[in-house]
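J.: So that you have it, the file is input-v5.txt, and it contains compact mmCIF, C-alpha atoms:
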# COMPACT_ATOMS: atom_id res chain seq x y z
CA MET A 1416 33.38 -34.96 -22.34
CA LEU A 1417 32.16 -33.03 -19.33
CA GLY A 1418 35.31 -33.75 -17.35
CA LYS A 1419 37.56 -31.81 -19.67
CA ASN A 1420 35.07 -29.11 -20.57
CA TRP A 1421 33.73 -28.19 -17.13
CA TRP A 1422 35.27 -24.72 -17.35
CA LYS A 1423 33.34 -23.95 -20.54
CA ILE A 1424 30.07 -24.69 -18.74
CA LEU A 1425 31.28 -22.58 -15.81
CA CYS A 1426 32.03 -19.76 -18.28
CA VAL A 1427 28.48 -19.79 -19.64
CA ILE A 1428 26.94 -19.92 -16.16
CA LEU A 1429 29.10 -17.03 -14.93
CA LEU A 1430 28.28 -14.86 -17.95
CA VAL A 1431 24.54 -15.51 -17.76
CA TYR A 1432 24.79 -14.57 -14.06
CA THR A 1433 26.70 -11.43 -15.04
CA ILE A 1434 24.19 -10.38 -17.69
CA ILE A 1435 21.13 -10.93 -15.49
CA PHE A 1436 22.50 -9.45 -12.25
CA GLY A 1437 24.47 -6.86 -14.16
CA PHE A 1438 21.14 -5.30 -15.10
CA LEU A 1439 18.95 -6.22 -12.13
CA GLY A 1440 21.44 -5.93 -9.28
CA HIS A 1441 21.74 -2.89 -7.05
CA VAL A 1442 24.08 -0.11 -8.10
CA PRO A 1443 24.74 3.14 -6.23
CA ALA A 1444 22.96 6.15 -7.77
CA LYS A 1445 25.65 8.57 -8.86
CA PRO A 1446 25.34 11.80 -10.82
CA ILE A 1447 26.78 11.80 -14.38
CA LEU A 1448 27.28 8.02 -14.25
CA ASN A 1449 23.65 7.08 -13.61
CA GLU A 1450 23.03 3.54 -14.86
CA THR A 1451 26.23 3.50 -16.90
CA ILE A 1452 28.04 2.35 -13.77
CA ARG A 1453 26.90 -1.11 -14.90
CA ASN A 1454 29.53 -0.91 -17.64
CA LEU A 1455 31.91 -2.03 -14.92
CA TYR A 1456 30.71 -5.59 -15.57
CA PHE A 1457 31.44 -5.36 -19.28
CA HIS A 1458 33.98 -2.66 -20.16
CA VAL A 1459 36.31 -3.12 -17.18
CA ALA A 1460 36.06 -6.92 -17.40
CA MET A 1461 37.50 -6.70 -20.95
CA TRP A 1462 40.74 -5.26 -19.56
CA PHE A 1463 41.04 -7.93 -16.92
CA GLY A 1464 40.50 -10.56 -19.60
CA MET A 1465 43.12 -8.87 -21.76
CA MET A 1466 45.68 -8.90 -18.94
CA VAL A 1467 45.14 -12.62 -18.31
CA LEU A 1468 45.43 -13.51 -22.00
CA PHE A 1469 48.60 -11.41 -22.45
CA THR A 1470 50.08 -12.99 -19.31
CA VAL A 1471 49.47 -16.51 -20.64
CA SER A 1472 50.95 -15.39 -23.97
CA VAL A 1473 54.19 -14.12 -22.44
CA VAL A 1474 54.54 -17.29 -20.35
CA TYR A 1475 54.33 -19.39 -23.52
CA SER A 1476 56.85 -17.10 -25.23
CA ALA A 1477 59.26 -17.66 -22.33
CA ILE A 1478 58.66 -21.41 -22.54
CA TYR A 1479 59.29 -21.27 -26.29
CA LEU A 1480 62.64 -19.56 -25.74
CA GLY A 1481 63.59 -22.52 -23.55
CA THR A 1482 62.21 -25.36 -25.66
CA ASN A 1483 62.18 -24.06 -29.26
CA ASN A 1484 59.01 -26.09 -29.69
CA PRO A 1485 56.87 -24.40 -32.40
CA VAL A 1486 53.69 -25.49 -30.59
CA HIS A 1487 54.57 -23.11 -27.76
CA ASP A 1488 54.97 -20.32 -30.31
CA ILE A 1489 51.47 -21.00 -31.64
CA TYR A 1490 50.12 -20.80 -28.07
CA ALA A 1491 51.91 -17.50 -27.46
CA LEU A 1492 50.69 -16.01 -30.74
CA GLU A 1493 47.05 -17.01 -30.34
CA TYR A 1494 46.87 -15.84 -26.73
CA ALA A 1495 48.35 -12.50 -27.80
CA LYS A 1496 45.73 -12.22 -30.56
CA GLY A 1497 42.99 -12.97 -28.03
CA GLY A 1498 44.39 -10.29 -25.74
CA ILE A 1499 44.43 -7.80 -28.61
CA LEU A 1500 40.77 -8.60 -29.38
CA PHE A 1501 39.80 -7.95 -25.75
CA GLY A 1502 41.91 -4.80 -25.65
CA CYS A 1503 40.23 -3.42 -28.78
CA LEU A 1504 36.81 -4.19 -27.32
CA GLY A 1505 37.86 -2.47 -24.10
CA LEU A 1506 39.01 0.61 -25.98
CA ILE A 1507 35.84 0.83 -28.10
CA THR A 1508 33.44 0.24 -25.20
CA GLY A 1509 35.41 2.74 -23.12
CA SER A 1510 35.03 5.36 -25.85
CA ILE A 1511 31.29 4.80 -26.03
CA TRP A 1512 31.00 5.08 -22.26
CA ALA A 1513 33.17 8.22 -22.27
CA ARG A 1514 30.98 9.86 -24.92
CA TYR A 1515 27.99 9.84 -22.57
CA THR A 1516 29.76 10.60 -19.30
CA TRP A 1517 32.92 12.60 -20.04
CA GLY A 1518 31.44 14.27 -23.12
CA SER A 1519 33.48 12.91 -26.00
CA PHE A 1520 34.64 9.62 -27.44
CA TRP A 1521 38.27 10.51 -26.92
CA SER A 1522 39.53 12.99 -24.35
CA ASN A 1523 43.26 12.16 -24.43
CA ASP A 1524 42.90 10.78 -20.95
CA PRO A 1525 46.23 9.24 -19.83
CA LYS A 1526 44.66 5.82 -19.47
CA GLN A 1527 43.07 6.03 -22.92
CA LEU A 1528 46.41 7.04 -24.43
CA GLY A 1529 48.30 4.41 -22.44
CA ALA A 1530 45.92 1.65 -23.52
CA ALA A 1531 46.14 2.78 -27.14
CA ILE A 1532 49.96 2.76 -26.99
CA ALA A 1533 49.99 -0.66 -25.35
CA LEU A 1534 47.76 -2.04 -28.11
CA LEU A 1535 49.90 -0.45 -30.83
CA ILE A 1536 52.93 -2.21 -29.32
CA TYR A 1537 51.01 -5.49 -29.60
CA PHE A 1538 49.97 -4.71 -33.19
CA ALA A 1539 53.68 -4.31 -33.91
CA TYR A 1540 54.15 -7.86 -32.57
CA LEU A 1541 51.89 -9.20 -35.34
CA VAL A 1542 53.49 -6.99 -38.00
CA LEU A 1543 57.00 -7.96 -36.88
CA ARG A 1544 56.16 -11.67 -37.07
CA ASN A 1545 54.67 -11.35 -40.53
CA SER A 1546 57.73 -9.50 -41.80
CA MET A 1547 59.79 -12.69 -41.49
CA THR A 1548 59.44 -15.77 -43.68
CA ASP A 1549 61.83 -18.00 -41.75
CA MET A 1550 59.68 -19.88 -39.24
CA ASP A 1551 62.29 -20.32 -36.51
CA LYS A 1552 63.46 -16.75 -36.75
CA ARG A 1553 59.87 -15.51 -36.67
CA ALA A 1554 59.07 -17.53 -33.57
CA ARG A 1555 62.29 -16.58 -31.77
CA ILE A 1556 62.23 -12.84 -32.46
CA GLY A 1557 58.48 -12.85 -31.86
CA ALA A 1558 58.98 -14.44 -28.44
CA VAL A 1559 61.63 -11.90 -27.44
CA TYR A 1560 59.48 -9.02 -28.67
CA ASN A 1561 56.46 -10.41 -26.80
CA VAL A 1562 58.38 -10.17 -23.51
CA PHE A 1563 59.09 -6.51 -24.29
CA ALA A 1564 55.45 -5.85 -25.25
CA TYR A 1565 54.25 -7.42 -22.01
CA ALA A 1566 56.72 -5.38 -19.96
CA MET A 1567 55.40 -2.22 -21.63
CA LEU A 1568 51.87 -2.95 -20.40
CA PHE A 1569 52.87 -2.00 -16.88
CA PRO A 1570 54.03 1.58 -17.40
CA THR A 1571 51.42 2.30 -20.09
CA ILE A 1572 48.25 1.09 -18.40
CA TRP A 1573 49.09 0.47 -14.76
CA ILE A 1574 51.68 3.01 -13.61
CA ILE A 1575 51.62 6.24 -15.66
CA PRO A 1576 47.79 6.75 -15.54
CA ARG A 1577 48.03 6.59 -11.72
CA LEU A 1578 50.78 9.19 -11.49
CA VAL A 1579 49.01 11.94 -13.41
CA GLU A 1580 45.59 13.54 -13.48
CA SER A 1581 43.08 11.20 -15.02
CA LEU A 1582 39.37 10.96 -15.67
CA HIS A 1583 39.66 7.27 -14.91
CA PRO A 1584 39.48 6.08 -11.31
CA GLY A 1585 42.93 5.62 -9.76
CA GLY A 1586 44.56 8.77 -11.12
CA ILE A 1587 45.16 12.02 -9.27
CA GLY A 1588 42.07 14.18 -8.77
CA GLY A 1589 38.86 13.55 -10.65
CA ASN A 1590 37.15 10.22 -10.41
CA PRO A 1591 36.37 8.78 -6.98
CA VAL A 1592 33.90 6.20 -8.26
CA THR A 1593 35.87 3.17 -7.03
CA ASN A 1594 35.03 4.28 -3.47
CA ASP A 1595 31.34 3.97 -4.32
CA ILE A 1596 31.43 0.47 -5.74
CA ASP A 1597 29.84 -1.47 -2.93
CA ASN A 1598 29.73 -5.17 -2.12
CA ARG A 1599 26.53 -5.68 -4.11
CA MET A 1600 28.46 -4.70 -7.21
CA ARG A 1601 31.57 -6.64 -6.21
CA VAL A 1602 29.67 -9.95 -6.05
CA VAL A 1603 28.76 -9.53 -9.72
CA PHE A 1604 32.13 -8.17 -10.86
CA TRP A 1605 34.72 -10.41 -9.17
CA PRO A 1606 33.11 -13.86 -9.16
CA GLY A 1607 30.99 -13.25 -12.29
CA ALA A 1608 32.21 -10.79 -14.88
CA VAL A 1609 35.99 -11.09 -14.56
CA PRO A 1610 36.35 -14.90 -14.63
CA GLY A 1611 33.37 -15.25 -17.01
CA TRP A 1612 34.67 -13.00 -19.77
CA THR A 1613 38.24 -14.24 -19.25
CA LEU A 1614 37.14 -17.86 -19.67
CA LEU A 1615 35.24 -16.95 -22.84
CA GLY A 1616 38.45 -15.41 -24.18
CA VAL A 1617 40.45 -18.51 -23.26
CA TRP A 1618 37.81 -20.71 -24.92
CA ILE A 1619 37.96 -18.82 -28.21
CA VAL A 1620 41.77 -18.75 -28.09
CA THR A 1621 41.98 -22.50 -27.53
CA LEU A 1622 39.70 -23.07 -30.54
CA ARG A 1623 42.10 -21.03 -32.69
CA ILE A 1624 45.10 -22.89 -31.27
CA ARG A 1625 43.53 -26.24 -32.11
CA LEU A 1626 42.73 -25.08 -35.65
CA GLN A 1627 46.29 -23.81 -36.05
CA LEU A 1628 47.73 -27.11 -34.82
CA LEU A 1629 45.49 -29.01 -37.27
CA ALA A 1630 46.66 -26.79 -40.10
CA GLU A 1631 50.29 -27.45 -39.14
CA LYS A 1632 49.64 -31.18 -39.08
CA ASN A 1633 48.05 -31.08 -42.53
CA LEU A 1634 50.95 -29.05 -43.84
CA SER A 1635 53.53 -31.55 -42.60
CA HIS A 1636 51.56 -34.49 -44.05
CA ALA A 1637 51.10 -32.94 -47.46
CA MET B 493 -2.25 -1.18 23.06
CA HIS B 494 1.08 0.07 24.36
CA LYS B 495 2.85 -2.59 22.35
CA LYS B 496 1.09 -1.49 19.15
CA VAL B 497 2.17 2.13 19.55
CA HIS B 498 5.66 0.92 20.22
CA SER B 499 5.86 -1.02 16.96
CA TRP B 500 4.39 1.87 14.97
CA PHE B 501 7.04 4.11 16.44
CA LEU B 502 9.76 1.65 15.45
CA LEU B 503 8.35 1.45 11.93
CA PHE B 504 8.44 5.25 11.70
CA VAL B 505 12.06 5.39 12.89
CA PHE B 506 13.19 2.71 10.45
CA GLY B 507 11.29 4.47 7.70
CA LEU B 508 13.19 7.66 8.47
CA ILE B 509 16.49 5.78 8.43
CA GLY B 510 15.54 4.29 5.09
CA LEU B 511 14.69 7.74 3.71
CA ALA B 512 17.99 9.11 5.02
CA GLY B 513 19.76 6.27 3.21
CA ARG B 514 18.01 7.17 -0.01
CA ALA B 515 18.75 10.84 0.46
CA GLN B 516 22.48 10.10 0.28
CA ASP B 517 22.15 9.29 -3.40
CA THR B 518 21.51 12.86 -4.40
CA ALA B 519 23.40 15.60 -6.16
CA ASN B 520 22.65 19.23 -5.27
CA GLY B 521 19.57 18.08 -3.40
CA LYS B 522 18.03 16.54 -6.52
CA PRO B 523 17.70 12.76 -6.64
CA VAL B 524 20.02 11.13 -9.16
CA GLU B 525 18.14 9.85 -12.14
CA MET B 526 18.26 6.07 -12.35
CA ALA B 527 16.25 3.58 -14.38
CA ASP B 528 14.00 2.87 -11.42
CA ARG B 529 10.80 3.31 -13.39
CA LEU B 530 12.15 1.20 -16.21
CA ARG B 531 12.59 -1.66 -13.82
CA ALA B 532 9.32 -0.97 -12.05
CA ASP B 533 7.49 -1.14 -15.35
CA GLY B 534 9.20 -4.43 -15.98
CA LYS B 535 10.48 -3.55 -19.43
CA ILE B 536 14.14 -4.07 -18.50
CA TYR B 537 13.40 -7.79 -18.32
CA VAL B 538 12.74 -7.77 -22.05
CA VAL B 539 16.23 -6.42 -22.68
CA ILE B 540 17.77 -9.03 -20.39
CA VAL B 541 15.92 -11.83 -22.16
CA VAL B 542 17.06 -10.52 -25.55
CA LEU B 543 20.64 -10.20 -24.39
CA VAL B 544 20.69 -13.65 -22.82
CA THR B 545 19.17 -15.10 -26.01
CA ILE B 546 21.84 -13.51 -28.20
CA PHE B 547 24.55 -14.60 -25.79
CA LEU B 548 23.32 -18.19 -25.69
CA GLY B 549 23.02 -18.18 -29.49
CA LEU B 550 26.64 -17.13 -29.81
CA ILE B 551 27.68 -19.73 -27.24
CA ALA B 552 25.79 -22.44 -29.17
CA TYR B 553 27.76 -21.38 -32.25
CA VAL B 554 31.06 -21.61 -30.35
CA ILE B 555 30.09 -25.04 -28.98
CA ARG B 556 29.35 -26.31 -32.52
CA LEU B 557 32.71 -24.96 -33.68
CA ASP B 558 34.37 -26.65 -30.72
CA ARG B 559 32.75 -30.00 -31.62
CA LYS B 560 33.71 -29.63 -35.28
CA ILE B 561 37.35 -29.07 -34.37
CA SER B 562 37.23 -32.04 -31.97
CA ARG B 563 35.99 -34.21 -34.84
CA LEU B 564 38.79 -32.97 -37.10
CA GLU B 565 41.32 -33.71 -34.37
CA LYS B 566 40.11 -37.29 -34.20
CA GLY B 567 40.83 -37.54 -37.92
CA GLY B 568 37.20 -37.88 -39.04
CA LYS B 569 35.40 -35.62 -41.43
Just give me the structure as structure tokens.

T.:
Amino acid sequence: MLGKNWWKILCVILLVYTIIFGFLGHVPAKPILNETIRNLYFHVAMWFGMMVLFTVSVVYSAIYLGTNNPVHDIYALEYAKGGILFGCLGLITGSIWARYTWGSFWSNDPKQLGAAIALLIYFAYLVLRNSMTDMDKRARIGAVYNVFAYAMLFPTIWIIPRLVESLHPGGIGGNPVTNDIDNRMRVVFWPGAVPGWTLLGVWIVTLRIRLQLLAEKNLSHA
Amino acid sequence: MHKKVHSWFLLFVFGLIGLAGRAQDTANGKPVEMADRLRADGKIYVVIVVLVTIFLGLIAYVIRLDRKISRLEKGGK
């Protein structure tokens, strides 16, 4: 049992480490941010988790296009749903953080807008799938669309926000906070928060995949 | 005697360096407000314990779900 599930135990250990040292660890004292800099371990980690889940999803979509095996479509769909969940959590937590540092829940920051557009494109993936009753067609068109949705992540959340003025770090002007994140924060963020939250996402996604596969099996037996 | 003065001097210098380090974390000369007192008073530990408890509770739930699905996969009830 432990052999196959070691990564779930690792996930719990990493997240407990993140929670404890996320609050007790040293952070640089910065005006405006104050203690909210600790949101790095939670809000920012959501986006990294989202990227990993969407990446796995698009890989399974590509595999599906080669194999036409409906199991691969289920994997792609559930990983995309997991990514959407993490993206929504990232957007909501970002808004809360913004309210107390930038002054309002939504400031039409390019990264906020880009993330919202990227998520809308993924919502369309779910809507598009549900608009088709034919299973093969649904899986095939869904897989092709998923490749497009994944490709759109790069301009919307990685490239455009860096080319224009942004309140987020990485854009032009404004926010230099990434320069202040020191090694005492990095040892919580990189080995703890990012893999921890990502593994939790993968865990929940795999539970949904297994349920979905069971449902399929029952359907074919009935 | 000489040695003692020497070490006091060193302590003073390092203290100054430490103060200079702290002084960097200021805005317009005023120290940036952090939850230092909160941690000093120990109350932040209560929040951590609560958060860890909730987290472990949720994880226990996920583990039970995981086991249930495993049982279904084996064909049992």

J.: Would you list which chain A residues are within 9 Å of chain B using only C-alpha atoms, as an mmCIF file with C-alpha atoms, in the coordinates of the input?

T.:
data_model
loop_
_atom_site.group_PDB
_atom_site.id
_atom_site.type_symbol
_atom_site.label_atom_id
_atom_site.label_comp_id
_atom_site.auth_asym_id
_atom_site.auth_seq_id
_atom_site.Cartn_x
_atom_site.Cartn_y
_atom_site.Cartn_z
ATOM 1 C CA VAL A 1427 28.480 -19.790 -19.640
ATOM 2 C CA LEU A 1430 28.280 -14.860 -17.950
ATOM 3 C CA VAL A 1431 24.540 -15.510 -17.760
ATOM 4 C CA ILE A 1434 24.190 -10.380 -17.690
ATOM 5 C CA ILE A 1435 21.130 -10.930 -15.490
ATOM 6 C CA PHE A 1438 21.140 -5.300 -15.100
ATOM 7 C CA LEU A 1439 18.950 -6.220 -12.130
ATOM 8 C CA PRO A 1443 24.740 3.140 -6.230
ATOM 9 C CA ALA A 1444 22.960 6.150 -7.770
ATOM 10 C CA LYS A 1445 25.650 8.570 -8.860
ATOM 11 C CA PRO A 1446 25.340 11.800 -10.820
ATOM 12 C CA ILE A 1447 26.780 11.800 -14.380
ATOM 13 C CA ASN A 1449 23.650 7.080 -13.610
ATOM 14 C CA GLU A 1450 23.030 3.540 -14.860
ATOM 15 C CA TRP A 1618 37.810 -20.710 -24.920
ATOM 16 C CA ILE A 1619 37.960 -18.820 -28.210
ATOM 17 C CA LEU A 1622 39.700 -23.070 -30.540
ATOM 18 C CA ARG A 1625 43.530 -26.240 -32.110
ATOM 19 C CA LEU A 1626 42.730 -25.080 -35.650
ATOM 20 C CA LEU A 1629 45.490 -29.010 -37.270
#

J.: Please compute the CA of Trp1512 in chain A-CA of Leu1582 in chain A distance, one decimal, in Å.

T.: 12.2 Å

J.: Box for range 559-567 of chain B: with edges along x, y and z, all listed atoms inside and 8 Å added on each side, what are the centre and edge lengths in Å to one decimal, as AutoDock Vina command-line options?

T.:
--center_x 37.0 --center_y -33.3 --center_z -34.8 --size_x 24.6 --size_y 24.5 --size_z 22.3

J.: If you count only C-alpha atoms, which residues fall within 8 Å of range 1539-1553 of chain A, apart from same-chain ones fewer than 5 positions away, as a ChimeraX atom specification?

T.: /A:1485,1560-1561,1564

J.: Figure out the distance between CA of Thr1613 in chain A and CA of Ile1556 in chain A, please, to one decimal in Å.

T.: 27.4 Å

J.: Go ahead and compute the interatomic distance for CA of Gly1616 in chain A and CA of Leu1500 in chain A, in Å to one decimal.

T.: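 Rounded to one decimal, the two atoms are 8.9 Å apart.
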
J.: Show me the residues around (42.7, -11.0, -23.6) - criterion: an atom at most 7 Å away, only C-alpha atoms counted - as a tab-separated table (two decimals) with C-alpha atoms, in the coordinates of the input.

T.:
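This is the output file selection23.tsv:
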chain	number	residue	atom	x	y	z
A	1464	GLY	CA	40.50	-10.56	-19.60
A	1465	MET	CA	43.12	-8.87	-21.76
A	1466	MET	CA	45.68	-8.90	-18.94
A	1467	VAL	CA	45.14	-12.62	-18.31
A	1468	LEU	CA	45.43	-13.51	-22.00
A	1469	PHE	CA	48.60	-11.41	-22.45
A	1497	GLY	CA	42.99	-12.97	-28.03
A	1498	GLY	CA	44.39	-10.29	-25.74
A	1499	ILE	CA	44.43	-7.80	-28.61
A	1500	LEU	CA	40.77	-8.60	-29.38
A	1501	PHE	CA	39.80	-7.95	-25.75
A	1502	GLY	CA	41.91	-4.80	-25.65
A	1616	GLY	CA	38.45	-15.41	-24.18

J.: Hey, what's within 7 Å of range 1608-1610 of chain A if we count all atoms listed in the file and toss same-chain stuff fewer than 6 positions away? As a PDB file with C-alpha atoms, keeping the file's coordinate frame, please?

T.:
ATOM      1  CA  LEU A1429      29.100 -17.030 -14.930  1.00  0.00           C
ATOM      2  CA  LEU A1430      28.280 -14.860 -17.950  1.00  0.00           C
ATOM      3  CA  THR A1433      26.700 -11.430 -15.040  1.00  0.00           C
ATOM      4  CA  TYR A1456      30.710  -5.590 -15.570  1.00  0.00           C
ATOM      5  CA  ALA A1460      36.060  -6.920 -17.400  1.00  0.00           C
ATOM      6  CA  PHE A1463      41.040  -7.930 -16.920  1.00  0.00           C
ATOM      7  CA  GLY A1464      40.500 -10.560 -19.600  1.00  0.00           C
TER       8      GLY A1464
END
